[in-house]
>>> print(open('target-v4.cif').read())   # mmCIF, C-alpha atoms and all ligand atoms
data_input
loop_
_atom_site.label_atom_id
_atom_site.label_comp_id
_atom_site.auth_asym_id
_atom_site.auth_seq_id
_atom_site.Cartn_x
_atom_site.Cartn_y
_atom_site.Cartn_z
CA MET A 1 79.83 122.61 86.88
CA ASP A 2 77.50 120.10 88.55
CA TYR A 3 78.19 120.42 92.27
CA GLN A 4 75.72 117.67 93.19
CA LYS A 5 77.56 115.26 90.88
CA ILE A 6 80.90 116.13 92.51
CA CYS A 7 79.38 115.62 95.99
CA ARG A 8 77.80 112.28 95.03
CA ALA A 9 81.14 110.88 93.82
CA ALA A 10 82.95 112.20 96.94
CA GLU A 11 80.29 110.69 99.22
CA TYR A 12 80.64 107.34 97.48
CA LEU A 13 84.43 107.35 97.91
CA ARG A 14 84.78 108.78 101.43
CA PRO A 15 83.82 105.65 103.39
CA LEU A 16 86.04 103.48 101.15
CA LEU A 17 89.22 105.45 101.82
CA PRO A 18 91.48 104.34 104.69
CA GLU A 19 92.37 107.98 105.47
CA ILE A 20 91.95 111.54 104.23
CA PRO A 21 94.23 112.07 101.21
CA GLN A 22 96.62 115.00 101.49
CA VAL A 23 97.87 114.88 97.91
CA GLY A 24 96.06 113.94 94.70
CA LEU A 25 98.29 112.29 92.12
CA ILE A 26 97.44 112.12 88.42
CA LEU A 27 99.76 109.82 86.53
CA GLY A 28 100.11 110.13 82.77
CA SER A 29 100.72 107.77 79.83
CA GLY A 30 103.08 104.97 80.78
CA LEU A 31 103.73 106.61 84.17
CA GLY A 32 101.06 104.88 86.23
CA GLU A 33 103.43 102.44 87.92
CA LEU A 34 103.85 104.67 90.96
CA GLY A 35 100.29 103.71 91.88
CA GLU A 36 101.49 100.09 92.29
CA GLN A 37 104.03 101.20 94.88
CA LEU A 38 101.74 102.78 97.43
CA GLU A 39 102.20 101.67 101.00
CA GLU A 40 99.50 100.33 103.29
CA PRO A 41 96.81 100.92 104.17
CA PHE A 42 95.49 101.08 100.67
CA CYS A 43 92.47 100.48 98.52
CA VAL A 44 91.75 100.31 94.77
CA ILE A 45 88.57 101.72 93.24
CA PRO A 46 87.89 101.34 89.47
CA TYR A 47 86.42 104.50 87.93
CA GLU A 48 83.42 102.62 86.56
CA GLU A 49 82.22 101.94 90.12
CA ILE A 50 82.11 105.64 91.01
CA PRO A 51 78.85 107.49 90.33
CA GLY A 52 79.24 110.05 87.53
CA PHE A 53 82.69 108.88 86.40
CA VAL A 54 83.40 107.98 82.79
CA ARG A 55 85.73 105.18 81.68
CA SER A 56 89.39 105.72 80.84
CA THR A 57 90.07 104.48 77.29
CA ALA A 58 93.54 105.95 76.61
CA PRO A 59 96.48 103.58 76.04
CA GLY A 60 98.75 103.13 79.07
CA HIS A 61 95.95 104.23 81.43
CA LYS A 62 94.51 101.75 83.94
CA GLY A 63 91.36 103.63 84.91
CA ARG A 64 91.25 103.44 88.68
CA PHE A 65 91.90 105.27 91.91
CA VAL A 66 94.50 103.85 94.27
CA CYS A 67 94.56 105.27 97.76
CA GLY A 68 97.47 104.70 100.12
CA ARG A 69 100.66 106.28 101.38
CA LEU A 70 103.70 107.36 99.43
CA SER A 71 106.76 108.36 101.46
CA GLY A 72 104.41 108.37 104.43
CA VAL A 73 102.02 110.92 102.87
CA PRO A 74 98.37 109.89 102.36
CA VAL A 75 97.71 110.14 98.62
CA LEU A 76 94.82 109.47 96.29
CA CYS A 77 96.25 108.45 92.98
CA MET A 78 94.52 108.37 89.59
CA GLN A 79 96.07 105.59 87.55
CA GLY A 80 95.00 106.94 84.22
CA ARG A 81 93.24 110.19 83.50
CA PHE A 82 90.53 111.38 81.13
CA HIS A 83 91.29 113.41 78.01
CA CYS A 84 89.14 115.62 75.82
CA TYR A 85 90.22 113.55 72.78
CA GLU A 86 88.42 110.52 74.21
CA GLY A 87 85.25 112.45 73.45
CA TYR A 88 84.54 113.39 77.04
CA ASN A 89 83.12 116.62 78.11
CA ILE A 90 85.82 118.74 79.80
CA GLU A 91 83.64 118.73 82.97
CA ASP A 92 84.05 114.94 83.14
CA VAL A 93 87.82 115.29 82.66
CA VAL A 94 88.14 117.48 85.76
CA LEU A 95 85.51 115.79 87.95
CA PRO A 96 88.12 113.61 89.75
CA VAL A 97 90.12 116.71 90.74
CA GLN A 98 87.09 118.39 92.26
CA VAL A 99 86.22 115.14 94.04
CA MET A 100 89.78 114.91 95.41
CA ARG A 101 89.38 118.42 96.77
CA LEU A 102 86.09 117.60 98.50
CA LEU A 103 87.78 114.54 99.99
CA GLY A 104 90.39 116.80 101.58
CA ALA A 105 93.36 116.84 99.18
CA GLU A 106 95.16 120.18 99.32
CA THR A 107 97.77 119.54 96.66
CA LEU A 108 97.60 118.12 93.14
CA LEU A 109 100.68 116.54 91.59
CA LEU A 110 100.46 115.62 87.91
CA THR A 111 102.68 113.87 85.41
CA ASN A 112 102.32 113.65 81.65
CA ALA A 113 104.07 112.54 78.50
CA ALA A 114 104.89 115.44 76.20
CA GLY A 115 106.62 116.34 72.98
CA GLY A 116 109.67 118.61 73.25
CA ILE A 117 109.29 121.93 71.46
CA ASN A 118 112.36 123.55 73.00
CA CYS A 119 115.24 122.47 70.76
CA SER A 120 117.64 122.19 73.70
CA PHE A 121 115.47 119.38 75.16
CA GLN A 122 116.17 115.72 74.53
CA VAL A 123 113.98 112.64 74.57
CA GLY A 124 113.92 111.29 78.13
CA ASP A 125 114.26 114.74 79.75
CA LEU A 126 112.05 115.71 82.66
CA MET A 127 110.43 119.15 82.69
CA LEU A 128 109.00 120.94 85.70
CA LEU A 129 106.01 122.98 84.54
CA THR A 130 106.37 126.66 85.36
CA ASP A 131 103.22 127.69 83.47
CA HIS A 132 100.90 126.58 80.69
CA ILE A 133 99.13 127.72 77.53
CA ASN A 134 95.57 126.51 77.10
CA PHE A 135 95.15 125.71 73.39
CA LEU A 136 92.33 123.22 74.00
CA GLY A 137 89.59 125.57 72.88
CA HIS A 138 87.74 124.73 76.11
CA ASN A 139 87.90 125.75 79.74
CA PRO A 140 86.50 123.48 82.48
CA LEU A 141 85.12 126.50 84.36
CA THR A 142 82.82 127.55 81.49
CA GLY A 143 79.17 127.67 82.60
CA PRO A 144 77.59 128.60 85.90
CA ASN A 145 80.18 128.96 88.68
CA GLU A 146 79.97 127.00 91.93
CA PRO A 147 81.06 129.43 94.66
CA ARG A 148 81.41 126.57 97.19
CA LEU A 149 84.33 125.39 95.05
CA GLY A 150 85.93 128.63 93.92
CA PRO A 151 85.54 132.10 92.39
CA ARG A 152 83.95 132.99 89.06
CA PHE A 153 87.16 134.54 87.75
CA CYS A 154 90.07 132.44 88.86
CA ASP A 155 93.54 133.98 89.13
CA MET A 156 96.14 131.90 87.27
CA SER A 157 99.24 134.01 88.09
CA TYR A 158 100.83 131.55 90.54
CA THR A 159 99.11 128.33 89.50
CA TYR A 160 102.23 126.16 89.55
CA THR A 161 102.92 126.73 93.23
CA PRO A 162 106.33 128.44 93.63
CA SER A 163 107.12 126.81 97.00
CA LEU A 164 106.40 123.33 95.56
CA ARG A 165 108.53 124.07 92.49
CA LYS A 166 111.38 125.03 94.81
CA LEU A 167 110.93 121.75 96.66
CA ALA A 168 111.00 119.86 93.33
CA LEU A 169 114.23 121.57 92.26
CA GLU A 170 115.80 120.73 95.62
CA SER A 171 114.72 117.08 95.30
CA ALA A 172 116.11 116.87 91.77
CA GLU A 173 119.42 118.23 92.95
CA ARG A 174 119.51 115.82 95.90
CA LEU A 175 118.88 112.88 93.56
CA GLY A 176 121.21 114.08 90.81
CA ILE A 177 118.31 114.34 88.34
CA SER A 178 118.63 117.09 85.75
CA LEU A 179 115.30 118.86 85.69
CA ARG A 180 114.31 121.19 82.87
CA GLN A 181 111.77 123.93 83.47
CA GLY A 182 109.29 125.25 80.99
CA VAL A 183 105.84 126.06 79.66
CA TYR A 184 103.46 123.25 78.67
CA LEU A 185 100.98 123.83 75.88
CA ALA A 186 97.88 121.62 75.72
CA THR A 187 96.18 120.77 72.43
CA ALA A 188 92.89 118.88 72.14
CA GLY A 189 94.47 116.14 69.99
CA PRO A 190 94.13 113.31 69.18
CA SER A 191 96.17 114.04 66.06
CA TYR A 192 99.68 115.12 66.87
CA GLU A 193 100.58 118.68 65.88
CA THR A 194 101.83 119.75 62.48
CA PRO A 195 105.38 121.11 62.15
CA ALA A 196 103.88 124.55 61.41
CA GLU A 197 101.87 124.44 64.63
CA ILE A 198 104.97 123.51 66.59
CA ARG A 199 106.90 126.44 65.09
CA ALA A 200 104.04 128.76 66.06
CA PHE A 201 103.86 127.33 69.61
CA ARG A 202 107.62 127.86 70.00
CA ILE A 203 107.20 131.56 69.14
CA TRP A 204 104.44 131.74 71.79
CA GLY A 205 106.89 130.51 74.42
CA ALA A 206 105.89 126.86 74.73
CA ASP A 207 108.62 124.35 75.62
CA ALA A 208 106.57 121.15 75.50
CA VAL A 209 103.24 120.02 74.04
CA GLY A 210 100.72 117.43 75.16
CA MET A 211 97.03 116.57 75.30
CA SER A 212 96.35 116.63 79.04
CA THR A 213 97.03 118.32 82.39
CA VAL A 214 95.72 121.82 81.63
CA PRO A 215 92.02 121.03 82.35
CA GLU A 216 92.88 119.41 85.68
CA VAL A 217 95.27 122.22 86.62
CA ILE A 218 92.63 124.90 85.91
CA ALA A 219 90.09 122.99 88.02
CA ALA A 220 92.64 122.58 90.83
CA ALA A 221 93.55 126.29 90.78
CA HIS A 222 89.86 127.15 90.89
CA CYS A 223 89.20 125.08 94.01
CA GLY A 224 92.30 126.43 95.77
CA MET A 225 94.66 123.49 95.42
CA LYS A 226 98.43 123.81 95.22
CA VAL A 227 99.76 122.38 91.96
CA LEU A 228 102.98 120.69 90.90
CA ALA A 229 103.37 119.11 87.45
CA PHE A 230 106.04 117.35 85.41
CA SER A 231 106.36 116.36 81.77
CA LEU A 232 108.42 113.46 80.58
CA ILE A 233 109.68 114.40 77.12
CA THR A 234 108.85 111.16 75.28
CA ASN A 235 109.59 112.52 71.80
CA MET A 236 110.63 115.70 70.08
CA ALA A 237 107.54 117.52 68.76
CA ALA A 238 106.55 117.30 65.09
CA GLY A 239 109.10 118.76 62.69
CA VAL A 240 111.90 119.13 65.28
CA LEU A 241 113.50 115.96 63.95
CA ASP A 242 113.05 114.67 60.41
CA GLN A 243 111.00 111.64 61.47
CA PRO A 244 107.35 110.77 62.15
CA LEU A 245 105.89 110.64 65.69
CA SER A 246 104.66 107.35 67.09
CA GLU A 247 102.45 106.41 70.01
CA GLU A 248 104.70 103.39 70.66
CA GLU A 249 107.67 105.70 71.26
CA VAL A 250 105.66 107.70 73.81
CA ILE A 251 104.73 104.58 75.80
CA GLU A 252 108.21 103.05 75.47
CA ILE A 253 110.04 106.13 76.78
CA GLY A 254 107.46 106.37 79.57
CA LYS A 255 108.35 102.82 80.63
CA ALA A 256 112.11 103.35 80.23
CA LYS A 257 112.33 106.70 82.05
CA GLY A 258 109.26 106.63 84.28
CA HIS A 259 111.23 105.34 87.26
CA ILE A 260 113.26 108.59 87.43
CA LEU A 261 110.04 110.56 87.74
CA GLN A 262 108.80 108.08 90.33
CA ASN A 263 111.93 108.57 92.45
CA LEU A 264 111.56 112.33 92.16
CA VAL A 265 107.90 112.29 93.23
CA ARG A 266 108.70 110.01 96.17
CA ASP A 267 111.47 112.33 97.36
CA ILE A 268 109.29 115.44 96.98
CA LEU A 269 106.57 113.85 99.09
CA ALA A 270 109.12 112.81 101.71
CA HIS A 271 110.06 116.51 102.07
CA LEU A 272 106.58 117.98 101.69
CA SER A 273 106.47 119.12 105.29
CA GLU A 274 109.41 121.46 104.52
CA GLU A 275 107.36 123.39 101.95
N1 LIG A 301 102.28 115.99 71.03
C1 LIG A 301 101.17 115.90 71.77
N2 LIG A 301 101.03 115.06 72.79
C2 LIG A 301 102.09 114.30 73.10
C3 LIG A 301 103.28 114.33 72.38
C4 LIG A 301 103.39 115.24 71.28
O1 LIG A 301 104.42 115.33 70.59
N3 LIG A 301 104.12 113.43 72.95
C5 LIG A 301 103.45 112.88 74.00
N4 LIG A 301 102.21 113.40 74.10
#
>>> encode(input="target-v4.cif", output="structure tokens")
Amino acid sequence: MDYQKICRAAEYLRPLLPEIPQVGLILGSGLGELGEQLEEPFCVIPYEEIPGFVRSTAPGHKGRFVCGRLSGVPVLCMQGRFHCYEGYNIEDVVLPVQVMRLLGAETLLLTNAAGGINCSFQVGDLMLLTDHINFLGHNPLTGPNEPRLGPRFCDMSYTYTPSLRKLALESAERLGISLRQGVYLATAGPSYETPAEIRAFRIWGADAVGMSTVPEVIAAAHCGMKVLAFSLITNMAAGVLDQPLSEEEVIEIGKAKGHILQNLVRDILAHLSEE
């Protein structure tokens, strides 16, 4: 963990932001549109302009910060995130989260596209993450700890903040959105899983599988942020249906169903003060 690098990026961004962000938003594959809907005052900062940041190469990811208000709440939104499969060091994947924290964000809200492992799920379902399984083979906190950010051994018992989950369930009910709940398992990718892996993951208790979110959530838990995360089930995981998986399907379902997730996030933010 390179604390100087985190500070340099935060110092670069601070004078550019119209106000202190309260919530960091990380928008997943095909779900970045929410960043276009931020209210004034706002600013856009491409990752490549920020010292220490790498470029976002994943499909459906724009690669920039957008800062503004959503439902009146000051947010700093990542339109596009970094993944280990892009070849980046896991420290680079979580750098934006640590920078958000130094800039003042107390809460991290993430969305991702995921494959459904739980056979009762359907394509297009939304899942509220209750917990995760780290199958990446890496942990972003490996290496010397930075006590100014968080503790050496970070408790992960209540990572997906119970009070925020309650708020999300209330919002879903208010909007008539059926919200699944479950455990997200992260693989390093970029190949999709084999049917045998999916069967194994199901036995472990995973409900959905994807290639993101877990690094950022671990970093957020470490630096004391509250966390709320959602998966859009863009496909059933390998072997659940007798058909191959396709990247096009993932992006397409993201575009078709993303607006439901956007409405949910907007409503949650509108009620954040009730948490
Ligand atoms: N596996 C891994 N990552 C994914 C999937 C999947 O089935 N769908 C969307 N992201």
>>> atom_distance(input="target-v4.cif", atom1="CA of Thr234 (chain A)", atom2="CA of Gly87 (chain A)")
23.7 Å
>>> residues_around(input="target-v4.cif", residues="region 1-3 of chain A", least_positions_apart="4", cutoff="7 Å", atoms="all atoms listed in the file", output="list in words")
Cys7, Glu91, Gly143, Pro144, Asn145 and Glu146 of chain A
>>> axis_aligned_box(input="target-v4.cif", around="ligand LIG 301 (chain A)", padding_each_side="8 Å", output="lines of an AutoDock Vina configuration file")
center_x = 102.7
center_y = 114.4
center_z = 72.3
size_x = 19.4
size_y = 19.1
size_z = 19.5
>>> residues_near_ligand(input="target-v4.cif", ligand="ligand LIG 301 (chain A)", cutoff="8 Å", atoms="all atoms listed in the file", output="VMD selection string")
chain A and resid 112 to 116 186 to 187 189 to 193 208 to 212 233 to 238 245 247 250
>>> write_last_selection(input="target-v4.cif", atoms="C-alpha atoms", output="PDB file, in the frame of the given file")
ATOM      1  CA  ASN A 112     102.320 113.650  81.650  1.00  0.00           C
ATOM      2  CA  ALA A 113     104.070 112.540  78.500  1.00  0.00           C
ATOM      3  CA  ALA A 114     104.890 115.440  76.200  1.00  0.00           C
ATOM      4  CA  GLY A 115     106.620 116.340  72.980  1.00  0.00           C
ATOM      5  CA  GLY A 116     109.670 118.610  73.250  1.00  0.00           C
ATOM      6  CA  ALA A 186      97.880 121.620  75.720  1.00  0.00           C
ATOM      7  CA  THR A 187      96.180 120.770  72.430  1.00  0.00           C
ATOM      8  CA  GLY A 189      94.470 116.140  69.990  1.00  0.00           C
ATOM      9  CA  PRO A 190      94.130 113.310  69.180  1.00  0.00           C
ATOM     10  CA  SER A 191      96.170 114.040  66.060  1.00  0.00           C
ATOM     11  CA  TYR A 192      99.680 115.120  66.870  1.00  0.00           C
ATOM     12  CA  GLU A 193     100.580 118.680  65.880  1.00  0.00           C
ATOM     13  CA  ALA A 208     106.570 121.150  75.500  1.00  0.00           C
ATOM     14  CA  VAL A 209     103.240 120.020  74.040  1.00  0.00           C
ATOM     15  CA  GLY A 210     100.720 117.430  75.160  1.00  0.00           C
ATOM     16  CA  MET A 211      97.030 116.570  75.300  1.00  0.00           C
ATOM     17  CA  SER A 212      96.350 116.630  79.040  1.00  0.00           C
ATOM     18  CA  ILE A 233     109.680 114.400  77.120  1.00  0.00           C
ATOM     19  CA  THR A 234     108.850 111.160  75.280  1.00  0.00           C
ATOM     20  CA  ASN A 235     109.590 112.520  71.800  1.00  0.00           C
ATOM     21  CA  MET A 236     110.630 115.700  70.080  1.00  0.00           C
ATOM     22  CA  ALA A 237     107.540 117.520  68.760  1.00  0.00           C
ATOM     23  CA  ALA A 238     106.550 117.300  65.090  1.00  0.00           C
ATOM     24  CA  LEU A 245     105.890 110.640  65.690  1.00  0.00           C
ATOM     25  CA  GLU A 247     102.450 106.410  70.010  1.00  0.00           C
ATOM     26  CA  VAL A 250     105.660 107.700  73.810  1.00  0.00           C
TER      27      VAL A 250
END
>>> closest_residue(input="target-v4.cif", among="A:Cys43, A:Leu38, A:Glu33, A:Glu249", to="Leu16 (chain A)", atoms="all atoms listed in the file")
A:Cys43
>>> atom_distance(input="target-v4.cif", atom1="CA of Arg8 (chain A)", atom2="CA of Val99 (chain A)")
8.9 Å
>>> atom_distance(input="target-v4.cif", atom1="CA of Gly35 (chain A)", atom2="CA of Phe135 (chain A)")
29.2 Å
>>> closest_residue(input="target-v4.cif", among="A:Ile177, A:Met127, A:Asp242, A:Ala168", to="Ala206 (chain A)", atoms="only C-alpha atoms")
A:Met127
>>> closest_residue(input="target-v4.cif", among="A:Leu34, A:Leu164, A:Ile251, A:Val94", to="Cys223 (chain A)", atoms="only C-alpha atoms")
A:Val94
>>> decode(input="target-v4.cif", residues="region 229-254 of chain A", atoms="N, CA, C and O atoms", output="short mmCIF file (atom, residue, chain, number, x, y, z; two decimals), in the first residue's frame")
data_model
loop_
_atom_site.label_atom_id
_atom_site.label_comp_id
_atom_site.auth_asym_id
_atom_site.auth_seq_id
_atom_site.Cartn_x
_atom_site.Cartn_y
_atom_site.Cartn_z
N ALA A 229 -23.66 -2.88 -2.03
CA ALA A 229 -23.33 -3.35 -3.39
C ALA A 229 -24.47 -4.17 -3.98
O ALA A 229 -25.18 -4.88 -3.27
N PHE A 230 -24.60 -4.04 -5.30
CA PHE A 230 -25.64 -4.74 -6.05
C PHE A 230 -25.04 -5.43 -7.26
O PHE A 230 -24.17 -4.88 -7.92
N SER A 231 -25.58 -6.62 -7.56
CA SER A 231 -25.26 -7.29 -8.82
C SER A 231 -26.49 -7.26 -9.71
O SER A 231 -27.61 -7.49 -9.23
N LEU A 232 -26.25 -7.00 -10.98
CA LEU A 232 -27.29 -7.25 -11.97
C LEU A 232 -26.97 -8.61 -12.59
O LEU A 232 -25.85 -8.81 -13.09
N ILE A 233 -27.90 -9.53 -12.49
CA ILE A 233 -27.66 -10.88 -13.04
C ILE A 233 -27.85 -10.78 -14.56
O ILE A 233 -28.98 -10.72 -15.05
N THR A 234 -26.72 -10.73 -15.27
CA THR A 234 -26.78 -10.51 -16.74
C THR A 234 -26.87 -11.83 -17.49
O THR A 234 -27.15 -11.84 -18.69
N ASN A 235 -26.57 -12.91 -16.81
CA ASN A 235 -26.60 -14.24 -17.45
C ASN A 235 -26.63 -15.27 -16.34
O ASN A 235 -26.26 -14.97 -15.20
N MET A 236 -27.06 -16.48 -16.66
CA MET A 236 -26.91 -17.56 -15.69
C MET A 236 -25.47 -18.08 -15.85
O MET A 236 -24.93 -18.12 -16.96
N ALA A 237 -24.85 -18.43 -14.73
CA ALA A 237 -23.43 -18.84 -14.74
C ALA A 237 -23.27 -20.12 -15.58
O ALA A 237 -24.24 -20.85 -15.86
N ALA A 238 -22.01 -20.39 -15.94
CA ALA A 238 -21.70 -21.50 -16.85
C ALA A 238 -22.32 -22.81 -16.36
O ALA A 238 -22.25 -23.15 -15.18
N GLY A 239 -22.96 -23.52 -17.28
CA GLY A 239 -23.50 -24.84 -16.96
C GLY A 239 -24.89 -24.82 -16.37
O GLY A 239 -25.55 -25.86 -16.29
N VAL A 240 -25.38 -23.64 -15.92
CA VAL A 240 -26.74 -23.58 -15.36
C VAL A 240 -27.74 -23.82 -16.49
O VAL A 240 -28.69 -24.59 -16.33
N LEU A 241 -27.50 -23.17 -17.61
CA LEU A 241 -28.32 -23.41 -18.80
C LEU A 241 -27.43 -24.09 -19.84
O LEU A 241 -26.21 -23.95 -19.79
N ASP A 242 -28.04 -24.82 -20.75
CA ASP A 242 -27.24 -25.53 -21.76
C ASP A 242 -26.96 -24.59 -22.94
O ASP A 242 -27.51 -24.75 -24.03
N GLN A 243 -26.14 -23.57 -22.66
CA GLN A 243 -25.79 -22.60 -23.70
C GLN A 243 -24.50 -21.87 -23.31
O GLN A 243 -24.21 -21.76 -22.12
N PRO A 244 -23.74 -21.40 -24.30
CA PRO A 244 -22.49 -20.71 -23.96
C PRO A 244 -22.75 -19.31 -23.40
O PRO A 244 -23.85 -18.76 -23.59
N LEU A 245 -21.74 -18.75 -22.69
CA LEU A 245 -21.86 -17.39 -22.16
C LEU A 245 -21.29 -16.41 -23.18
O LEU A 245 -20.36 -16.77 -23.91
N SER A 246 -21.87 -15.21 -23.24
CA SER A 246 -21.31 -14.23 -24.17
C SER A 246 -21.22 -12.86 -23.51
O SER A 246 -22.08 -12.46 -22.73
N GLU A 247 -20.12 -12.17 -23.87
CA GLU A 247 -19.89 -10.82 -23.36
C GLU A 247 -21.00 -9.87 -23.84
O GLU A 247 -21.41 -8.97 -23.12
N GLU A 248 -21.48 -10.12 -25.06
CA GLU A 248 -22.53 -9.26 -25.64
C GLU A 248 -23.78 -9.30 -24.77
O GLU A 248 -24.41 -8.28 -24.51
N GLU A 249 -24.12 -10.52 -24.29
CA GLU A 249 -25.31 -10.68 -23.46
C GLU A 249 -25.17 -9.84 -22.18
O GLU A 249 -26.11 -9.17 -21.74
N VAL A 250 -23.96 -9.88 -21.60
CA VAL A 250 -23.71 -9.15 -20.35
C VAL A 250 -23.96 -7.66 -20.56
O VAL A 250 -24.67 -7.01 -19.78
N ILE A 251 -23.42 -7.11 -21.64
CA ILE A 251 -23.56 -5.67 -21.92
C ILE A 251 -25.03 -5.34 -22.25
O ILE A 251 -25.58 -4.35 -21.78
N GLU A 252 -25.64 -6.21 -23.05
CA GLU A 252 -27.02 -5.98 -23.50
C GLU A 252 -28.00 -5.94 -22.32
O GLU A 252 -28.84 -5.05 -22.21
N ILE A 253 -27.87 -6.91 -21.41
CA ILE A 253 -28.77 -6.95 -20.25
C ILE A 253 -28.49 -5.74 -19.35
O ILE A 253 -29.41 -5.14 -18.78
N GLY A 254 -27.22 -5.36 -19.26
CA GLY A 254 -26.86 -4.16 -18.49
C GLY A 254 -27.60 -2.95 -19.02
O GLY A 254 -28.16 -2.16 -18.26
#
